[in-house]
Amino acid sequence: MSLRDDLTVWARSEGLCWIFIFKMLAAALTTLWLAMRLDMPQPSTAVMAVFIVMQPQSGQVIAKSLHRLLGTVIGLLAMLPLIALFNQEPVLFLGGMALWVALCTAGAARYRDLRSYSCLLAGYTATLVSLTAIQHPQTAFIQALWRVLEIGLGVLCCSVFSAAILPQSTGSAMRQAVARRFGDFAALAVTHLHGGDRATLEAAQARLAAQTVRLETLRSMSGYDDPQLALRMGRLSRLNHDFMAIGSRFHALQQLLARLRSQGASLALDAFVPCLDSLSGLLAPWQQRTLDERGAAELATQLEDYRARLLPLIRQCRAGLGGLPADSPLRLDFDTAAELLYRLADDLHDYAQTHAALAPARHARERGSERFAPRANRLAVGVAALRMLLLIGLGSALWLQSAWPSGHMFLITAVIIGSLCSASANPARMALQMAGGTFLAALFGFVESFLLFPRIGGFPMLALALAPVFLFGLYLVTRPRWAGYGLGLLILFGFGTLPANFTVHDPASLLNNYIALVLSQLLVAVVMACVLPPNRPWMWRHLERDLRRRVVHAVRAPLAGLPARFDSSTRDLLTQAHDLAAGHPAVQRDLLRWMTLVLEIGHAVIELRQEKAALPDESSYAAGTSWRLAFDALAAALVRLFARPTPAHLSQALARVERAIDAVRRTPEARAPHFASSPLRRLESYLHFIRTALLDPHSPLAERLPGAAHAA
């Protein structure tokens, strides 16, 4: 490679990090200068706001800034009545504050989107405002307003610098992710349609699930810095759901083919190979290719032609099965695979059309899009609130019993760091890293406060003195392994060292404050590590149960919008579990296999319900027929199995699905017996797929339940 190529690669990777570092340095110093020029009482609060909302992309910064302001105002409105009622009763006041922060922490754990950030901010901003104001309740309202203005200044400066100076647009990142995604899927499909390594496929599935969740987060922020994407939010949401549908359908087809290979069903597989070759031939030119709107329109045209050719091809390949009877297992295997392939072609066509619809500013596909439905574990939400209650209770007791002059700073820091760490997959590790960053902040703070600040005059010299510390902290933030150290250094150095407009040089107070800052974070680390930390087996088990219960949701929830809700919540649960189980590959693999089984069974159940809902008014489909009763019994058996997977429940589910298949076969129907024309033929395919999924020797049922292995 030439020097120019090397510089280009550096500019697109490390260069972007340094652009971010210098932009945030400029934003922090500008904020500090403005806060001092405007005679704000605590410029450090404004600078701290810059470091809390900073993000590499401008849309993320603007979104976080707006929600920080919203959370700040909500926290202010919540704390002012508390100060007015209990300013003379510290126990009641701290108890009310603890309940508020715990409620906000629970909200942050529950929503898992930008509302989560607002909840987080409403909690710890209320603490910052109230514990500062409670020492002088007669000026509480004015101090609270100052805190809001200082935070507003910080987020404004951060947003302006992020969006105006060499911006890294969230909208551009969204466009690039959307353009690359179909090419990645095409490569995966071409590689694994005819087989392939199972571990590689599982890793790809986990990556695609995480990508779907992260793309939804990116979509929600991209409209803040890209007005063109703001007009297309509905279509982008629909595109994400269409992609989930493709992934689910492809996975179902691939799993069925893998089971047929493991069972040695060569006759059905050989007959089906031309159908697979036709799809591979269609997708091969799109492998690793970026897909823009024009390319999506071309792909949609190709898929429309492909669907018209697919049915005759399926009939031709079915003729290769010879004189097998209609109820032959091999014939049913072939027909089920053909049904899945035809539905996959439909899903691909829908995706291509939605992608092509992004070109105009207005389009009919903007309307009626389904929202992404993240899913949080209720017990985890309650535990997050409990941890914050315990943290504030211990901190408040220490402050009240010791009458520590820096006790309010100890408690404020504990709440801020505890709130920030509660959103991490490993809160104890994050708290320890931030404690290490605070220790560095204390060392730098003493050097700055007693060796540099007394010897300088004017803001330029102050900025020169602060810049090395800020640069070092920002550099650490850009390194994922050390991000906690950098965040602790930046936030707590500003909180403990930055001079106020009325500057006091007091070594004893500074030492006291930094002892409070370090001890508060050690307390956070202890509480986060001891009180049901989320990255432990108890949480994995509950998330696994939540994954299984998605099948119960597929059976019982209203049909309107159910496929999108089911897909998004299942993938969101897997992404949470996968992150929390980092460093435990066996656990991650087990959770992924539960997700794949849940997607298979859940989608088959949903499509069975959709077929039932669309049946014509004919005697074969009337209420009370034997196959309808058999379906109801199967649905109840699946609910029992996935709510509590035991060998007995598995045996019941297998027996119920066999009865349902038999009931469908025995029901006369005045239609051609093909899946394109016969509803009962399609229902039989879905039932057969459920049976093969339950009997899959690689599923978690087979590994955990001896009854499954025996049945297989």
# chains A, B, ... in the order shown; residues from 1 in each chain; ligands from 1
call {"tool": "residues_around", "arguments": {"residues": "region 543-556 of chain A", "least_positions_apart": "4", "cutoff": "6 Å", "atoms": "only C-alpha atoms", "output": "PyMOL selection string"}}
result
chain A and resi 602+606+639+642-643
call {"tool": "write_last_selection", "arguments": {"atoms": "C-alpha atoms", "output": "PDB file, in the first residue's frame"}}
result
ATOM      1  CA  GLY A 602     -43.364 -18.724  17.128  1.00  0.00           C
ATOM      2  CA  ILE A 606     -48.364 -16.866  14.027  1.00  0.00           C
ATOM      3  CA  VAL A 639     -47.866 -22.836  25.942  1.00  0.00           C
ATOM      4  CA  PHE A 642     -42.374 -23.246  26.551  1.00  0.00           C
ATOM      5  CA  ALA A 643     -43.563 -21.948  29.903  1.00  0.00           C
TER       6      ALA A 643
END
call {"tool": "closest_residue", "arguments": {"among": "A:Ser118, A:Ser278, A:Ser651, A:Thr290", "to": "Phe185 (chain A)", "atoms": "only C-alpha atoms"}}
result
A:Thr290
call {"tool": "closest_residue", "arguments": {"among": "A:Ala431, A:Met36, A:Leu166, A:Leu229", "to": "Leu517 (chain A)", "atoms": "only C-alpha atoms"}}
result
A:Ala431
call {"tool": "closest_residue", "arguments": {"among": "A:Leu615, A:Val47, A:Leu498, A:Ala376", "to": "Thr575 (chain A)", "atoms": "only C-alpha atoms"}}
result
A:Ala376
call {"tool": "atom_distance", "arguments": {"atom1": "CA of Phe470 (chain A)", "atom2": "CA of Ser222 (chain A)"}}
result
28.1 Å
call {"tool": "residues_around", "arguments": {"residues": "region 668-670 of chain A", "least_positions_apart": "5", "cutoff": "10 Å", "atoms": "only C-alpha atoms", "output": "ChimeraX atom specification"}}
result
/A:618-621,678-681
call {"tool": "select_by_dssp", "arguments": {"residues": "region 277-476 of chain A", "states": "helix (DSSP H, G or I)", "output": "ChimeraX atom specification"}}
result
/A:277-286,293-319,329-356,364-366,378-402,407-422,427-455,459-476
call {"tool": "residues_around", "arguments": {"residues": "region 435-451 of chain A", "least_positions_apart": "2", "cutoff": "9 Å", "atoms": "only C-alpha atoms", "output": "JSON, numbers by chain"}}
result
{"A": [430, 431, 432, 433, 453, 454, 455, 465, 466, 469, 473, 484, 485, 486, 487, 488, 489, 490, 491, 492, 493, 494, 496, 497, 498, 499, 505, 507, 510, 511, 514, 515, 517, 518, 519, 520, 521, 522, 525]}
call {"tool": "decode", "arguments": {"residues": "region 265-280 of chain A", "atoms": "N, CA and C atoms", "output": "PDB file, in the first residue's frame"}}
result
ATOM      1  N   ALA A 265     -32.510 -37.664   4.355  1.00  0.00           N
ATOM      2  CA  ALA A 265     -33.659 -37.594   3.435  1.00  0.00           C
ATOM      3  C   ALA A 265     -33.175 -37.117   2.066  1.00  0.00           C
ATOM      4  N   SER A 266     -32.346 -37.914   1.435  1.00  0.00           N
ATOM      5  CA  SER A 266     -31.696 -37.481   0.199  1.00  0.00           C
ATOM      6  C   SER A 266     -32.686 -37.328  -0.950  1.00  0.00           C
ATOM      7  N   LEU A 267     -33.743 -38.138  -0.974  1.00  0.00           N
ATOM      8  CA  LEU A 267     -34.699 -38.052  -2.084  1.00  0.00           C
ATOM      9  C   LEU A 267     -35.372 -36.680  -2.117  1.00  0.00           C
ATOM     10  N   ALA A 268     -35.868 -36.225  -0.983  1.00  0.00           N
ATOM     11  CA  ALA A 268     -36.508 -34.912  -0.920  1.00  0.00           C
ATOM     12  C   ALA A 268     -35.499 -33.807  -1.178  1.00  0.00           C
ATOM     13  N   LEU A 269     -34.288 -33.945  -0.617  1.00  0.00           N
ATOM     14  CA  LEU A 269     -33.269 -32.905  -0.810  1.00  0.00           C
ATOM     15  C   LEU A 269     -32.832 -32.822  -2.264  1.00  0.00           C
ATOM     16  N   ASP A 270     -32.605 -33.964  -2.891  1.00  0.00           N
ATOM     17  CA  ASP A 270     -32.169 -33.954  -4.290  1.00  0.00           C
ATOM     18  C   ASP A 270     -33.235 -33.328  -5.186  1.00  0.00           C
ATOM     19  N   ALA A 271     -34.494 -33.626  -4.882  1.00  0.00           N
ATOM     20  CA  ALA A 271     -35.566 -33.047  -5.694  1.00  0.00           C
ATOM     21  C   ALA A 271     -35.652 -31.540  -5.494  1.00  0.00           C
ATOM     22  N   PHE A 272     -35.261 -31.069  -4.312  1.00  0.00           N
ATOM     23  CA  PHE A 272     -35.405 -29.647  -3.991  1.00  0.00           C
ATOM     24  C   PHE A 272     -34.195 -28.811  -4.416  1.00  0.00           C
ATOM     25  N   VAL A 273     -33.094 -29.446  -4.771  1.00  0.00           N
ATOM     26  CA  VAL A 273     -31.859 -28.715  -5.098  1.00  0.00           C
ATOM     27  C   VAL A 273     -32.058 -27.674  -6.197  1.00  0.00           C
ATOM     28  N   PRO A 274     -32.771 -27.963  -7.315  1.00  0.00           N
ATOM     29  CA  PRO A 274     -32.942 -26.911  -8.337  1.00  0.00           C
ATOM     30  C   PRO A 274     -33.628 -25.646  -7.797  1.00  0.00           C
ATOM     31  N   CYS A 275     -34.556 -25.824  -6.852  1.00  0.00           N
ATOM     32  CA  CYS A 275     -35.211 -24.647  -6.260  1.00  0.00           C
ATOM     33  C   CYS A 275     -34.200 -23.815  -5.471  1.00  0.00           C
ATOM     34  N   LEU A 276     -33.345 -24.491  -4.689  1.00  0.00           N
ATOM     35  CA  LEU A 276     -32.315 -23.771  -3.934  1.00  0.00           C
ATOM     36  C   LEU A 276     -31.317 -23.109  -4.873  1.00  0.00           C
ATOM     37  N   ASP A 277     -30.949 -23.814  -5.945  1.00  0.00           N
ATOM     38  CA  ASP A 277     -30.004 -23.239  -6.907  1.00  0.00           C
ATOM     39  C   ASP A 277     -30.574 -21.970  -7.538  1.00  0.00           C
ATOM     40  N   SER A 278     -31.894 -21.967  -7.761  1.00  0.00           N
ATOM     41  CA  SER A 278     -32.496 -20.779  -8.378  1.00  0.00           C
ATOM     42  C   SER A 278     -32.379 -19.563  -7.456  1.00  0.00           C
ATOM     43  N   LEU A 279     -32.582 -19.761  -6.151  1.00  0.00           N
ATOM     44  CA  LEU A 279     -32.453 -18.647  -5.209  1.00  0.00           C
ATOM     45  C   LEU A 279     -30.992 -18.233  -5.064  1.00  0.00           C
ATOM     46  N   SER A 280     -30.103 -19.205  -4.977  1.00  0.00           N
ATOM     47  CA  SER A 280     -28.673 -18.880  -4.888  1.00  0.00           C
ATOM     48  C   SER A 280     -28.213 -18.090  -6.103  1.00  0.00           C
TER      49      SER A 280
END
